$ cat final18.pdb   # PDB, C-alpha atoms
MODEL        1
ATOM      1  CA  MET A   1     177.445  37.944  19.390
ATOM      2  CA  LYS A   2     177.293  34.133  19.345
ATOM      3  CA  HIS A   3     178.532  34.199  22.930
ATOM      4  CA  VAL A   4     175.235  35.836  23.927
ATOM      5  CA  LYS A   5     173.387  32.562  23.551
ATOM      6  CA  GLY A   6     176.199  30.824  25.400
ATOM      7  CA  GLY A   7     174.980  32.332  28.641
ATOM      8  CA  LEU A   8     177.033  35.460  29.223
ATOM      9  CA  ASP A   9     175.448  37.954  31.570
ATOM     10  CA  ARG A  10     172.960  40.102  29.698
ATOM     11  CA  HIS A  11     174.204  43.245  31.457
ATOM     12  CA  ALA A  12     177.802  42.559  30.439
ATOM     13  CA  VAL A  13     176.787  42.050  26.806
ATOM     14  CA  LEU A  14     174.720  45.236  26.821
ATOM     15  CA  ASP A  15     177.635  47.168  28.294
ATOM     16  CA  GLU A  16     179.925  45.784  25.582
ATOM     17  CA  LEU A  17     177.456  46.787  22.848
ATOM     18  CA  MET A  18     177.011  50.274  24.301
ATOM     19  CA  GLN A  19     180.763  50.791  24.449
ATOM     20  CA  ALA A  20     181.300  49.524  20.916
ATOM     21  CA  TYR A  21     178.291  51.050  19.139
ATOM     22  CA  GLY A  22     176.839  53.761  21.386
ATOM     23  CA  LYS A  23     178.322  56.640  19.383
ATOM     24  CA  ASP A  24     177.173  55.121  16.084
ATOM     25  CA  VAL A  25     173.624  54.756  17.402
ATOM     26  CA  TRP A  26     173.571  58.330  18.756
ATOM     27  CA  ASN A  27     175.038  59.790  15.550
ATOM     28  CA  PHE A  28     172.459  57.985  13.415
ATOM     29  CA  ALA A  29     169.620  59.122  15.692
ATOM     30  CA  PHE A  30     170.905  62.702  15.476
ATOM     31  CA  PHE A  31     171.210  62.426  11.688
ATOM     32  CA  MET A  32     167.565  61.400  11.482
ATOM     33  CA  THR A  33     166.170  63.957  13.951
ATOM     34  CA  HIS A  34     168.642  66.879  13.916
ATOM     35  CA  ARG A  35     167.986  67.316  17.630
ATOM     36  CA  ARG A  36     170.387  66.363  20.393
ATOM     37  CA  GLU A  37     167.728  65.742  23.024
ATOM     38  CA  LEU A  38     165.838  63.396  20.701
ATOM     39  CA  ALA A  39     169.052  61.581  19.796
ATOM     40  CA  ASP A  40     169.718  61.080  23.521
ATOM     41  CA  ASP A  41     166.215  59.699  24.108
ATOM     42  CA  ILE A  42     166.288  57.481  21.030
ATOM     43  CA  THR A  43     169.695  56.054  21.954
ATOM     44  CA  GLN A  44     168.412  55.191  25.410
ATOM     45  CA  ASP A  45     165.291  53.571  23.940
ATOM     46  CA  VAL A  46     167.379  51.569  21.458
ATOM     47  CA  PHE A  47     169.542  50.039  24.160
ATOM     48  CA  ILE A  48     166.502  49.275  26.319
ATOM     49  CA  LYS A  49     164.993  47.418  23.350
ATOM     50  CA  VAL A  50     168.299  45.637  22.746
ATOM     51  CA  PHE A  51     168.412  44.560  26.394
ATOM     52  CA  GLU A  52     164.841  43.246  26.215
ATOM     53  CA  HIS A  53     165.377  41.409  22.905
ATOM     54  CA  LEU A  54     169.033  40.464  23.209
ATOM     55  CA  TYR A  55     168.429  36.758  22.753
ATOM     56  CA  ASN A  56     166.263  37.333  19.656
ATOM     57  CA  PHE A  57     169.264  38.389  17.545
ATOM     58  CA  ARG A  58     169.467  35.764  14.796
ATOM     59  CA  GLY A  59     172.813  36.718  13.298
ATOM     60  CA  GLN A  60     171.405  37.337   9.818
ATOM     61  CA  SER A  61     173.215  40.684   9.762
ATOM     62  CA  SER A  62     176.066  42.284  11.637
ATOM     63  CA  VAL A  63     175.387  43.507  15.156
ATOM     64  CA  LYS A  64     175.925  47.091  13.992
ATOM     65  CA  THR A  65     173.374  46.684  11.197
ATOM     66  CA  TRP A  66     170.896  45.233  13.708
ATOM     67  CA  LEU A  67     171.427  48.144  16.111
ATOM     68  CA  LEU A  68     171.101  50.767  13.376
ATOM     69  CA  ALA A  69     167.893  49.152  12.109
ATOM     70  CA  ILE A  70     166.451  49.385  15.621
ATOM     71  CA  THR A  71     167.655  53.007  15.763
ATOM     72  CA  ARG A  72     166.025  53.822  12.424
ATOM     73  CA  ASN A  73     162.708  52.306  13.458
ATOM     74  CA  THR A  74     162.746  53.991  16.860
ATOM     75  CA  ALA A  75     163.557  57.384  15.323
ATOM     76  CA  ARG A  76     160.763  56.971  12.791
ATOM     77  CA  ASP A  77     158.322  56.150  15.565
ATOM     78  CA  VAL A  78     159.385  59.226  17.511
ATOM     79  CA  LEU A  79     159.106  61.491  14.471
ATOM     80  CA  ARG A  80     155.639  60.099  13.670
ATOM     81  CA  SER A  81     154.367  60.527  17.204
ATOM     82  CA  ALA A  82     151.516  62.952  17.732
ATOM     83  CA  TRP A  83     153.480  64.914  20.332
ATOM     84  CA  ILE A  84     156.358  65.712  17.953
ATOM     85  CA  ARG A  85     153.973  66.737  15.186
ATOM     86  CA  ARG A  86     152.044  69.098  17.490
ATOM     87  CA  VAL A  87     154.881  70.668  19.433
ATOM     88  CA  THR A  88     157.488  72.838  17.769
ATOM     89  CA  LEU A  89     160.107  74.012  20.203
ATOM     90  CA  MET A  90     161.252  77.607  20.178
ATOM     91  CA  PRO A  91     164.771  78.074  18.784
ATOM     92  CA  SER A  92     167.446  78.681  21.369
ATOM     93  CA  ARG A  93     168.986  82.093  21.853
ATOM     94  CA  HIS A  94     172.242  80.728  20.425
ATOM     95  CA  ALA A  95     170.570  79.850  17.150
ATOM     96  CA  GLN A  96     169.294  83.376  16.674
ATOM     97  CA  GLN A  97     171.310  86.056  14.968
ATOM     98  CA  GLN A  98     173.785  88.011  17.043
ATOM     99  CA  THR A  99     171.979  91.325  16.466
ATOM    100  CA  HIS A 100     169.833  92.691  19.260
ATOM    101  CA  ALA A 101     166.097  92.820  18.806
ATOM    102  CA  SER A 102     164.159  95.983  19.449
ATOM    103  CA  ALA A 103     162.413  96.378  22.791
ATOM    104  CA  GLU A 104     159.104  95.787  21.048
ATOM    105  CA  GLN A 105     160.333  92.576  19.436
ATOM    106  CA  GLU A 106     161.733  91.318  22.746
ATOM    107  CA  THR A 107     158.385  91.971  24.431
ATOM    108  CA  ILE A 108     156.491  90.187  21.669
ATOM    109  CA  ASP A 109     158.907  87.252  21.828
ATOM    110  CA  LYS A 110     158.551  87.045  25.613
ATOM    111  CA  LEU A 111     154.749  87.114  25.427
ATOM    112  CA  MET A 112     154.726  84.495  22.669
ATOM    113  CA  THR A 113     157.012  82.221  24.676
ATOM    114  CA  GLU A 114     154.864  82.599  27.797
ATOM    115  CA  GLN A 115     151.744  81.874  25.772
ATOM    116  CA  VAL A 116     153.276  78.739  24.219
ATOM    117  CA  TRP A 117     154.469  77.420  27.589
ATOM    118  CA  GLY A 118     151.060  78.190  29.047
ATOM    119  CA  VAL A 119     149.490  75.923  26.448
ATOM    120  CA  VAL A 120     152.079  73.210  27.007
TER     121      VAL A 120
ENDMDL
END

$ encode --input "final18.pdb" --output "structure tokens"
Amino acid sequence: MKHVKGGLDRHAVLDELMQAYGKDVWNFAFFMTHRRELADDITQDVFIKVFEHLYNFRGQSSVKTWLLAITRNTARDVLRSAWIRRVTLMPSRHAQQQTHASAEQETIDKLMTEQVWGVV
């Protein structure tokens, strides 16, 4: 990372970091949130922050440690946000058991889903 201060193109350095550590960042974000879509968003936010603060890296830790600390803090911020605390997404059909619900239960589920999306 010392070559960053030497004047290499910021985009090239970011691309190198994303190639080297992108999976680690995503896996850590997923570990913290247990949700793929949040891990995707957090990973994107992390690399935006890295791009913006690339020249602030002081070298007091490894690059990976620096990236994972940013990931941890970003994930914590997302999990603390008011939106996440208020909105609980409905489980996907794949997560439900393989048995078929009764017609009454399907109707209730459909109405509940419509009501939730109406509020959202």

$ residues_around --input "final18.pdb" --residues "Ala75 (chain A)" --least-positions-apart "4" --cutoff "12 Å" --atoms "only C-alpha atoms" --output "NGL selection string"
:A and (25-35 or 38-46 or 68-71 or 79-81 or 84)

$ residues_around --input "final18.pdb" --residues "Arg10 (chain A)" --least-positions-apart "5" --cutoff "9 Å" --atoms "all atoms listed in the file" --output "PyMOL selection string"
chain A and resi 4+15+51+54-55

$ closest_residue --input "final18.pdb" --among "A:Ala103, A:Lys49, A:Ser62, A:Arg76" --to "Leu14 (chain A)" --atoms "all atoms listed in the file"
A:Lys49

$ axis_aligned_box --input "final18.pdb" --around "region 46-65 of chain A" --padding-each-side "4 Å" --output "JSON"
{"center_x": 170.5, "center_y": 43.7, "center_z": 18.1, "size_x": 19.2, "size_y": 23.8, "size_z": 24.6}

$ closest_residue --input "final18.pdb" --among "A:Val50, A:Thr74, A:Gly59, A:Leu67" --to "Lys23 (chain A)" --atoms "only C-alpha atoms"
A:Leu67

$ atom_distance --input "final18.pdb" --atom1 "CA of Met18 (chain A)" --atom2 "CA of Arg36 (chain A)"
17.8 Å

$ atom_distance --input "final18.pdb" --atom1 "CA of His53 (chain A)" --atom2 "CA of Trp66 (chain A)"
11.4 Å

$ atom_distance --input "final18.pdb" --atom1 "CA of Ile48 (chain A)" --atom2 "CA of Leu17 (chain A)"
11.8 Å
